[in-house]
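K.L.:
Can you keep this structure in mind? I'll have questions shortly.
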Amino acid sequence: MRVKWILGVTVAVLLGVGWWLAFRSVPVPLPVPAAPSMSTQAVDAGVLEVVSPAETEADAGLWLTATLEGAHPFAGEARVGAAFVVEGDEGWWEEEKRQKALSIVGPSSLEDLANVREWMPAPATASSQGGVLGPVAVPPAPRYQVVAFEPDGTFWWADFVPGTSPKSGTLDAGVLRANRPTGVSVRLEGARDTEGTFAVRIERVVDPQDAERASALQPMLALANPDLGWALVNGTPVPLRPDADTRLAPLPPDRAVRLWLRAPSGREGSPVEVPLREGTVNPVTLDVARLFPEGVGRSVTLRGRVLLGGSDRSGGRMVSWRGGEEPVDADGRFTIPGVPTWSATRFNVYRGMEEDGRPEAPSMWDFDFTPTEAMQGVVDVEWRVPVYRWLVVRMDGFTRAQLKERAVPPYPVYLLERRDAQGLWSTVPSRKFVPEEDGLAVSLLEPGTYRVQVASVPYASRPSSVAQVGADDTTVDVRLSPAPSGGPSCEVHVTRRGGPVAGAMVLVGGKYRSMPPVRGETDSTGRWRMGPMTSDVLPMFVQGAQDEWEGDGAEECRRSGVIEVRL
């Protein structure tokens with residue numbers, strides 16, 4: 001047992017904007033400018049060539065505009081997000097800058113701490129070589145993010161910091177250049193004879209040196225393809241087209257992307273890592289036979305009933321598992337479709353909130369469904385939640401008072417022990433220890449020979465009497481007798497170079513590892529009185545005078561009653 005005190009200071013900076021901002025509801029659009037943009041006819045393309053809007057005194061408020069540079073007339077959507085610094089971050093920034101902590105790691109400016117709260121739709125007008133975004137009304141903010149995208153995933157974006165804080169006029173975010181999408185095009189091979197829809201789960205493979213830029217782009221790219229953005233972050237599988245390639249773009253420009261093919265049964269194949277090349281949609285073929293050498297698997301529908309003990313009463317209200325949850329009706333019946341047959345599934349039955357006093361049964365209970373190759377269609381199961389038996393520790397008034405007087409918080413602690421066929425005692429878990437007026441009720445789940453260890457400190461415990469609990473027993477009593485008045489009583493004496501060490505910390509355990517250690521502190525004479533000891537082992541750790549000691553003091557305690565610790 002070793003205790004270490006480590007003091008560290010870590011400066012952590014969260015980079016990038018949360019991807020979920022891409023899916024937040026947009027606000028009611030602000031009014032359009034009073035003076036419309038002026039335009040002239042473009043001779044070479046037959047589309048409108050937009051000229052910067054004329055400044056008029058009638059335009060009130062703050063407006064933002066940007067130029068979209070491209071090889072063809074823009075045909076897509078645009079968004080603008082005003083980014084604000086969260087309340088309290090500005091003070092943190094000023095303090096960190098004063099202490100020069102940010103010279104090593106952290107944001108280079110206060111504006112880097114600003115996050116977009118909402119994305120606003122922005123008008124975009126096509127030109128012969130791109131288009132013009134805006135003007136769009138925006139609130140005054142320290143930073144703006146501008147994004148435009150076309151159906152194929154081509155996108156324009158800018159992270160624009162005005163530098164000043166104007167309340168009115170026009171902000172020009174400058175020229176935004178077109179970025180071809182990065183992604184993969186997935187072709188499915190060998191799936192024609194399988195009923196149902198295959199899907200693919202996606203995971204980013206990020207290089208640390210490129211993580212900041214790629215992650216900053218992720219929320220913007222999610223605006224262009226919300227379903228893909230959600231799947232990339234949340235792990236939701238994307239359905240694949242069986243008769244054509246499925247295009248997964250735009251993706252952040254990472255080093256690679258990892259794909260897991262998921263069969264209609266829910267079974268996943270081995271991962272496939274696909275290198276990415278920025279601005280390119282790479283083709284990849286996922287071979288069903290190669291990724292599922294043991295077959296794609298199938299699923300069954302589980303039709304079950306959960307009952308309480310040996311009765312016909314419902315044993316729960318809800319069945320949950322890794323894939324979801326299903327309610328249980330008043331008769332204890334439930335139906336769960338899509339249970340895999342290629343691996344075991346653990347289900348948890350939830351009974352509801354426990355009542356006061358002794359509960360009838362556990363509030364939750366696990367059941368494992370282990371399928372066989374012969375299973376198909378609908379499989380019937382019956383699960384029974386066990387009911388509690390109770391081992392009740394009875395104590396008279398003197399014993400309870402004695403235990404209370406000797407116990408050191410968080411004690412007293414109780415341990416349930418069971419005797420095996422060889423007569424050896426071992427600690428077994430119990431789900432409930434229920435304090436009662438004259439003792440303690442301990443829950444049991446099966447018959448056997450039991451007793452309870454009652455500890456006032458980890459190194460001083462005594463057992464209750466022994467009871468045989470039969471299959472038909474619901475409550476069996478045992479008794480705890482008063483602690484004997486004799487027995488060794490120990491103290492710890494801590495010295496350094498012959499002199500007492502005051503204020504040394506002492507941690508002492510016992511033979512039961514599940515019992516928490518107690519902590520003491522030496523007085524001005526370097527002593528800490530432990531009190532009675534019944535344990536045959538006494539693991540100890542002492543720290544004081546900038547030094548440490550660790551050992552077992554049981555033998556010295558039994559021999560002299562004083563454990564000498566020399567630091």
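Every chain in the structure tokens has a letter given in the order shown (A, B, ...), and although residue numbers restart at 1 in each chain, ligands are simply numbered from 1 in the order shown.
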Contacts of range 258-260 of chain A at 6 Å or less, counting only C-alpha atoms, minus same-chain residues fewer than 4 places along, as a ChimeraX atom specification?

P.N.:
/A:200-203,271-273

K.L.:
Convert the current residue selection to file output with all heavy atoms, as an mmCIF file, in the first residue's frame.

P.N.:
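Output file out29.cif follows:
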data_model
loop_
_atom_site.group_PDB
_atom_site.id
_atom_site.type_symbol
_atom_site.label_atom_id
_atom_site.label_comp_id
_atom_site.auth_asym_id
_atom_site.auth_seq_id
_atom_site.Cartn_x
_atom_site.Cartn_y
_atom_site.Cartn_z
ATOM 1 N N VAL A 200 -21.953 1.330 -43.148
ATOM 2 C CA VAL A 200 -20.544 1.472 -42.802
ATOM 3 C C VAL A 200 -20.409 2.464 -41.656
ATOM 4 O O VAL A 200 -21.072 3.497 -41.624
ATOM 5 C CB VAL A 200 -19.715 1.930 -44.022
ATOM 6 C CG1 VAL A 200 -20.091 3.333 -44.457
ATOM 7 C CG2 VAL A 200 -18.223 1.829 -43.746
ATOM 8 N N ARG A 201 -19.582 2.093 -40.683
ATOM 9 C CA ARG A 201 -19.278 2.976 -39.560
ATOM 10 C C ARG A 201 -17.927 3.625 -39.813
ATOM 11 O O ARG A 201 -16.986 2.960 -40.268
ATOM 12 C CB ARG A 201 -19.277 2.188 -38.248
ATOM 13 C CG ARG A 201 -19.088 3.025 -37.006
ATOM 14 C CD ARG A 201 -19.484 2.237 -35.755
ATOM 15 N NE ARG A 201 -18.721 1.023 -35.603
ATOM 16 C CZ ARG A 201 -17.542 0.936 -34.999
ATOM 17 N NH1 ARG A 201 -16.981 2.041 -34.509
ATOM 18 N NH2 ARG A 201 -16.922 -0.224 -34.869
ATOM 19 N N ILE A 202 -17.821 4.921 -39.520
ATOM 20 C CA ILE A 202 -16.660 5.711 -39.925
ATOM 21 C C ILE A 202 -15.914 6.228 -38.694
ATOM 22 O O ILE A 202 -16.539 6.658 -37.722
ATOM 23 C CB ILE A 202 -17.091 6.913 -40.790
ATOM 24 C CG1 ILE A 202 -18.101 6.483 -41.849
ATOM 25 C CG2 ILE A 202 -15.899 7.578 -41.444
ATOM 26 C CD1 ILE A 202 -18.803 7.636 -42.502
ATOM 27 N N GLU A 203 -14.584 6.211 -38.778
ATOM 28 C CA GLU A 203 -13.747 6.757 -37.706
ATOM 29 C C GLU A 203 -12.574 7.509 -38.313
ATOM 30 O O GLU A 203 -11.933 7.029 -39.245
ATOM 31 C CB GLU A 203 -13.234 5.630 -36.801
ATOM 32 C CG GLU A 203 -12.396 6.094 -35.632
ATOM 33 C CD GLU A 203 -11.879 4.921 -34.820
ATOM 34 O OE1 GLU A 203 -10.815 4.378 -35.171
ATOM 35 O OE2 GLU A 203 -12.550 4.527 -33.858
ATOM 36 N N PRO A 271 -11.966 -3.839 -39.522
ATOM 37 C CA PRO A 271 -11.836 -2.469 -40.031
ATOM 38 C C PRO A 271 -10.954 -2.398 -41.270
ATOM 39 O O PRO A 271 -10.000 -3.169 -41.423
ATOM 40 C CB PRO A 271 -11.214 -1.721 -38.849
ATOM 41 C CG PRO A 271 -10.511 -2.774 -38.056
ATOM 42 C CD PRO A 271 -11.307 -4.023 -38.221
ATOM 43 N N VAL A 272 -11.282 -1.450 -42.125
ATOM 44 C CA VAL A 272 -10.500 -1.183 -43.326
ATOM 45 C C VAL A 272 -10.038 0.265 -43.256
ATOM 46 O O VAL A 272 -10.860 1.175 -43.140
ATOM 47 C CB VAL A 272 -11.331 -1.415 -44.605
ATOM 48 C CG1 VAL A 272 -10.521 -1.037 -45.840
ATOM 49 C CG2 VAL A 272 -11.795 -2.861 -44.687
ATOM 50 N N GLU A 273 -8.730 0.500 -43.302
ATOM 51 C CA GLU A 273 -8.193 1.850 -43.252
ATOM 52 C C GLU A 273 -7.925 2.351 -44.668
ATOM 53 O O GLU A 273 -7.206 1.708 -45.436
ATOM 54 C CB GLU A 273 -6.920 1.891 -42.409
ATOM 55 C CG GLU A 273 -6.439 3.298 -42.116
ATOM 56 C CD GLU A 273 -5.388 3.349 -41.029
ATOM 57 O OE1 GLU A 273 -5.683 2.905 -39.899
ATOM 58 O OE2 GLU A 273 -4.279 3.821 -41.304
#

K.L.:
Find the spatial neighbours of Leu176 in chain A, counting only C-alpha atoms, within a cut-off of 7 Å - ignore same-chain residues fewer than 3 positions away - and output them as a list in words.

P.N.:
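Close residues of Leu176 in chain A: Thr67, Leu68, Glu69, Trp156, Trp157 and Ala158 of chain A.
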
K.L.:
Could the residues in this selection be saved with C-alpha atoms as a short mmCIF file (atom, residue, chain, number, x, y, z; two decimals), in the first residue's frame?

P.N.:
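Written output follows (selection-v2.cif):
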data_model
loop_
_atom_site.label_atom_id
_atom_site.label_comp_id
_atom_site.auth_asym_id
_atom_site.auth_seq_id
_atom_site.Cartn_x
_atom_site.Cartn_y
_atom_site.Cartn_z
CA THR A 67 -16.45 36.86 -52.51
CA LEU A 68 -16.67 33.20 -53.53
CA GLU A 69 -13.97 32.42 -56.06
CA TRP A 156 -15.60 27.80 -49.24
CA TRP A 157 -14.82 28.96 -45.74
CA ALA A 158 -13.21 31.76 -43.78
#

K.L.:
Extract, using only C-alpha atoms, all DNA, RNA and protein residues at most 9 Å from Gly196 in chain A, discarding same-chain residues fewer than 4 positions from it, and format them as a PyMOL selection string.

P.N.:
chain A and resi 263-265

K.L.:
For N, CA and C atoms, I'd like the residues from the last selection saved as an mmCIF file, in the first residue's frame.

P.N.:
data_model
loop_
_atom_site.group_PDB
_atom_site.id
_atom_site.type_symbol
_atom_site.label_atom_id
_atom_site.label_comp_id
_atom_site.auth_asym_id
_atom_site.auth_seq_id
_atom_site.Cartn_x
_atom_site.Cartn_y
_atom_site.Cartn_z
ATOM 1 N N ALA A 263 -23.147 -5.642 -41.520
ATOM 2 C CA ALA A 263 -24.127 -6.434 -42.257
ATOM 3 C C ALA A 263 -25.545 -6.106 -41.794
ATOM 4 N N PRO A 264 -26.564 -6.493 -42.578
ATOM 5 C CA PRO A 264 -27.952 -6.254 -42.141
ATOM 6 C C PRO A 264 -28.274 -6.879 -40.789
ATOM 7 N N SER A 265 -27.559 -7.942 -40.408
ATOM 8 C CA SER A 265 -27.794 -8.569 -39.112
ATOM 9 C C SER A 265 -27.259 -7.740 -37.959
#

K.L.:
Taking the chain letters and numbering used in this document, name the residues of range 116-363 of chain A that DSSP puts in helix (DSSP H, G or I), as a PyMOL selection string.

P.N.:
chain A and resi 208-224+226-234+288-291

K.L.:
May I have the selected residues written with N, CA and C atoms, as a short mmCIF file (atom, residue, chain, number, x, y, z; two decimals), in the first residue's frame?

P.N.:
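So out-v3.cif came out as:
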data_model
loop_
_atom_site.label_atom_id
_atom_site.label_comp_id
_atom_site.auth_asym_id
_atom_site.auth_seq_id
_atom_site.Cartn_x
_atom_site.Cartn_y
_atom_site.Cartn_z
N PRO A 208 -1.38 14.04 -35.27
CA PRO A 208 -1.36 15.13 -34.29
C PRO A 208 -1.02 16.48 -34.89
N GLN A 209 -0.10 16.52 -35.86
CA GLN A 209 0.31 17.81 -36.41
C GLN A 209 -0.77 18.44 -37.26
N ASP A 210 -1.72 17.65 -37.76
CA ASP A 210 -2.79 18.19 -38.59
C ASP A 210 -4.13 18.24 -37.87
N ALA A 211 -4.15 17.83 -36.60
CA ALA A 211 -5.43 17.68 -35.90
C ALA A 211 -6.16 19.01 -35.74
N GLU A 212 -5.42 20.09 -35.46
CA GLU A 212 -6.07 21.37 -35.17
C GLU A 212 -6.84 21.89 -36.39
N ARG A 213 -6.17 21.90 -37.54
CA ARG A 213 -6.83 22.43 -38.73
C ARG A 213 -7.99 21.55 -39.16
N ALA A 214 -7.79 20.23 -39.19
CA ALA A 214 -8.84 19.32 -39.63
C ALA A 214 -10.05 19.38 -38.70
N SER A 215 -9.81 19.46 -37.41
CA SER A 215 -10.91 19.50 -36.45
C SER A 215 -11.66 20.83 -36.52
N ALA A 216 -10.94 21.92 -36.84
CA ALA A 216 -11.61 23.21 -37.00
C ALA A 216 -12.54 23.20 -38.20
N LEU A 217 -12.19 22.43 -39.23
CA LEU A 217 -13.03 22.34 -40.42
C LEU A 217 -14.26 21.46 -40.22
N GLN A 218 -14.18 20.54 -39.26
CA GLN A 218 -15.24 19.53 -39.14
C GLN A 218 -16.64 20.11 -38.98
N PRO A 219 -16.88 21.08 -38.09
CA PRO A 219 -18.25 21.60 -37.97
C PRO A 219 -18.74 22.30 -39.24
N MET A 220 -17.82 22.93 -39.99
CA MET A 220 -18.21 23.55 -41.25
C MET A 220 -18.60 22.50 -42.28
N LEU A 221 -17.82 21.41 -42.36
CA LEU A 221 -18.12 20.35 -43.31
C LEU A 221 -19.43 19.64 -42.96
N ALA A 222 -19.75 19.59 -41.65
CA ALA A 222 -21.00 18.97 -41.24
C ALA A 222 -22.22 19.75 -41.74
N LEU A 223 -22.05 21.04 -41.98
CA LEU A 223 -23.15 21.81 -42.55
C LEU A 223 -23.44 21.37 -43.98
N ALA A 224 -22.40 20.99 -44.71
CA ALA A 224 -22.58 20.56 -46.08
C ALA A 224 -23.24 19.18 -46.17
N PRO A 226 -24.99 17.03 -43.21
CA PRO A 226 -25.29 16.80 -41.79
C PRO A 226 -25.30 15.33 -41.40
N ASP A 227 -25.86 14.45 -42.25
CA ASP A 227 -25.92 13.03 -41.90
C ASP A 227 -24.52 12.44 -41.75
N LEU A 228 -23.62 12.82 -42.66
CA LEU A 228 -22.24 12.33 -42.57
C LEU A 228 -21.53 12.93 -41.37
N GLY A 229 -21.78 14.21 -41.09
CA GLY A 229 -21.17 14.84 -39.92
C GLY A 229 -21.59 14.18 -38.63
N TRP A 230 -22.87 13.84 -38.53
CA TRP A 230 -23.38 13.16 -37.34
C TRP A 230 -22.75 11.77 -37.21
N ALA A 231 -22.69 11.03 -38.32
CA ALA A 231 -22.15 9.68 -38.29
C ALA A 231 -20.67 9.68 -37.93
N LEU A 232 -19.94 10.68 -38.38
CA LEU A 232 -18.51 10.73 -38.15
C LEU A 232 -18.19 10.92 -36.67
N VAL A 233 -19.00 11.70 -35.99
CA VAL A 233 -18.73 12.00 -34.58
C VAL A 233 -19.44 11.02 -33.65
N ASN A 234 -20.64 10.62 -34.00
CA ASN A 234 -21.46 9.82 -33.10
C ASN A 234 -21.34 8.32 -33.34
N VAL A 288 -17.53 -8.25 -49.16
CA VAL A 288 -18.28 -8.88 -48.08
C VAL A 288 -17.66 -10.22 -47.69
N ALA A 289 -17.28 -11.03 -48.67
CA ALA A 289 -16.71 -12.34 -48.36
C ALA A 289 -15.40 -12.22 -47.59
N ARG A 290 -14.57 -11.23 -47.93
CA ARG A 290 -13.29 -11.08 -47.25
C ARG A 290 -13.45 -10.53 -45.84
N LEU A 291 -14.39 -9.61 -45.67
CA LEU A 291 -14.58 -8.98 -44.36
C LEU A 291 -15.40 -9.84 -43.40
#

K.L.:
Among range 344-396 of chain A, which ones does DSSP place in strand (DSSP E or B), written as a list of chain:residue names?

P.N.:
A:Thr345, A:Arg346, A:Phe347, A:Asn348, A:Val349, A:Tyr350, A:Met364, A:Trp365, A:Asp366, A:Phe367, A:Asp368, A:Phe369, A:Val378, A:Val379, A:Asp380, A:Val381, A:Glu382, A:Trp383, A:Arg384, A:Val385, A:Arg389, A:Trp390, A:Leu391, A:Val392, A:Val393, A:Arg394

K.L.:
Using only C-alpha atoms for the distances, tell me which of A:Val413, A:Leu251, A:Met395, A:Leu403 is nearest to Ser464 in chain A.

P.N.:
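Among A:Val413, A:Leu251, A:Met395, A:Leu403, it is A:Met395 that comes nearest to Ser464 in chain A.
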
K.L.:
Between A:Gly235, A:Gly470, A:Gly310, A:Pro447, which residue has the minimum interatomic distance to Pro386 in chain A, considering only C-alpha atoms?

P.N.:
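Checking each of A:Gly235, A:Gly470, A:Gly310, A:Pro447 against Pro386 in chain A, counting only C-alpha atoms, the winner is A:Gly310.
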
K.L.:
CA of Pro140 in chain A and CA of Pro123 in chain A are how many Å apart?

P.N.:
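CA of Pro123 in chain A lies 18.8 Å from CA of Pro140 in chain A.
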
K.L.:
Pick from A:Leu188, A:Met540, A:Val494, A:Ala502: nearest to Leu240 in chain A, with only C-alpha atoms counted?

P.N.:
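Looking at the shortest contact to Leu240 in chain A, the residue is A:Leu188.
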
K.L.:
Would you kindly return, as a PyMOL selection string, each protein, DNA or RNA residue with an atom no farther than 7 Å from any atom of Ser314 in chain A, considering only C-alpha atoms and excluding same-chain residues fewer than 4 positions away?

P.N.:
chain A and resi 306-308+330-332

K.L.:
Put those residues in a file: C-alpha atoms, as a PDB file, in the first residue's frame.

P.N.:
ATOM      1  CA  VAL A 306     -39.243 -12.047 -16.854  1.00  0.00           C
ATOM      2  CA  LEU A 307     -40.753 -13.246 -13.556  1.00  0.00           C
ATOM      3  CA  LEU A 308     -40.031 -12.695  -9.873  1.00  0.00           C
ATOM      4  CA  ALA A 330     -47.716  -6.155 -16.606  1.00  0.00           C
ATOM      5  CA  ASP A 331     -47.355  -9.917 -17.179  1.00  0.00           C
ATOM      6  CA  GLY A 332     -43.588  -9.656 -17.533  1.00  0.00           C
TER       7      GLY A 332
END

K.L.:
Tell me which of A:Arg566, A:Arg187, A:Arg529, A:Arg384 sits closest to Pro362 in chain A, counting only C-alpha atoms.

P.N.:
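Of all the options, A:Arg384 lies closest to Pro362 in chain A.
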
K.L.:
Considering only C-alpha atoms, can you say which of A:Pro484, A:Gly316, A:Pro166, A:Gly279 comes closest to Met353 in chain A?

P.N.:
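Between A:Pro484, A:Gly316, A:Pro166, A:Gly279, the residue approaching Met353 in chain A most closely is A:Gly316.
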
K.L.:
Write out as a list in words each polymer residue whose atoms come within 7 Å of range 425-433 of chain A, counting only C-alpha atoms; drop sequence neighbours fewer than 3 positions from it.

P.N.:
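Those residues are Leu415, Leu416, Glu417, Arg418, Arg419, Asp420, Leu440, Ala441, Val442, Ser443 and Leu444 of chain A.
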
K.L.:
Work out how far apart CA of Ser524 in chain A and CA of Glu548 in chain A are and give it in Å to one decimal.

P.N.:
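Separation between CA of Ser524 in chain A and CA of Glu548 in chain A: 18.4 Å.
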
K.L.:
Please provide the set of residues having any atom within 12 Å of Ile563 in chain A, restricted to only C-alpha atoms, with same-chain residues fewer than 5 positions apart removed, written as a short mmCIF file (atom, residue, chain, number, x, y, z; two decimals) with N, CA and C atoms, in the first residue's frame.

P.N.:
data_model
loop_
_atom_site.label_atom_id
_atom_site.label_comp_id
_atom_site.auth_asym_id
_atom_site.auth_seq_id
_atom_site.Cartn_x
_atom_site.Cartn_y
_atom_site.Cartn_z
N SER A 489 -3.57 -3.55 22.73
CA SER A 489 -3.90 -2.20 22.29
C SER A 489 -2.60 -1.53 21.89
N CYS A 490 -2.58 -0.96 20.69
CA CYS A 490 -1.31 -0.52 20.11
C CYS A 490 -1.27 0.99 19.90
N GLU A 491 -0.04 1.48 19.78
CA GLU A 491 0.18 2.86 19.37
C GLU A 491 1.39 2.91 18.45
N VAL A 492 1.46 3.97 17.64
CA VAL A 492 2.56 4.17 16.70
C VAL A 492 3.43 5.31 17.24
N HIS A 493 4.75 5.08 17.25
CA HIS A 493 5.69 6.10 17.72
C HIS A 493 6.64 6.42 16.56
N VAL A 494 6.56 7.67 16.07
CA VAL A 494 7.34 8.07 14.90
C VAL A 494 8.47 8.99 15.34
N THR A 495 9.70 8.64 14.95
CA THR A 495 10.88 9.45 15.30
C THR A 495 11.75 9.64 14.05
N VAL A 506 -0.32 8.81 9.38
CA VAL A 506 -0.25 7.36 9.51
C VAL A 506 -1.48 6.75 8.85
N VAL A 508 -3.32 3.03 8.17
CA VAL A 508 -3.26 1.65 8.66
C VAL A 508 -4.42 0.87 8.06
N GLY A 526 5.08 12.61 18.97
CA GLY A 526 5.31 11.67 17.88
C GLY A 526 4.48 10.41 17.99
N ARG A 527 3.40 10.42 18.79
CA ARG A 527 2.62 9.20 19.02
C ARG A 527 1.20 9.33 18.46
N TRP A 528 0.69 8.20 17.97
CA TRP A 528 -0.72 8.08 17.57
C TRP A 528 -1.25 6.76 18.11
N ARG A 529 -2.34 6.85 18.90
CA ARG A 529 -2.90 5.66 19.54
C ARG A 529 -3.92 5.00 18.63
N MET A 530 -3.64 3.75 18.27
CA MET A 530 -4.50 2.99 17.36
C MET A 530 -5.69 2.38 18.08
N LEU A 538 -0.92 -6.09 9.59
CA LEU A 538 -1.13 -4.68 9.89
C LEU A 538 -0.33 -3.82 8.90
N PRO A 539 -0.77 -3.73 7.64
CA PRO A 539 -0.03 -2.91 6.67
C PRO A 539 -0.12 -1.43 7.05
N MET A 540 1.03 -0.74 6.99
CA MET A 540 1.08 0.65 7.44
C MET A 540 1.90 1.48 6.47
N VAL A 542 3.61 5.54 6.64
CA VAL A 542 3.83 6.71 7.46
C VAL A 542 4.57 7.75 6.62
N GLY A 551 5.53 -0.61 5.95
CA GLY A 551 5.81 -1.92 6.50
C GLY A 551 4.60 -2.53 7.17
N ASP A 552 4.82 -3.65 7.89
CA ASP A 552 3.77 -4.34 8.63
C ASP A 552 4.10 -4.30 10.11
N GLY A 553 3.16 -3.79 10.91
CA GLY A 553 3.44 -3.61 12.33
C GLY A 553 2.78 -4.62 13.24
N ALA A 554 2.19 -5.72 12.67
CA ALA A 554 1.42 -6.66 13.49
C ALA A 554 2.28 -7.32 14.57
N GLU A 555 3.46 -7.83 14.20
CA GLU A 555 4.27 -8.55 15.17
C GLU A 555 4.73 -7.64 16.30
N GLU A 556 5.17 -6.44 15.95
CA GLU A 556 5.64 -5.51 16.98
C GLU A 556 4.50 -5.07 17.88
N CYS A 557 3.32 -4.93 17.29
CA CYS A 557 2.15 -4.54 18.09
C CYS A 557 1.81 -5.62 19.11
N ARG A 558 1.82 -6.89 18.67
CA ARG A 558 1.50 -7.99 19.58
C ARG A 558 2.57 -8.14 20.67
#

K.L.:
Which one is closest to Thr399 in chain A: A:Val138, A:Leu507, A:Val454, A:Ala344? Count only C-alpha atoms.

P.N.:
A:Val454

K.L.:
Can you tell me, as a VMD selection string, what residues are no more than 8 Å from Thr475 in chain A when counting only C-alpha atoms, ignoring any on the same chain fewer than 4 positions away?

P.N.:
chain A and resid 389 to 392
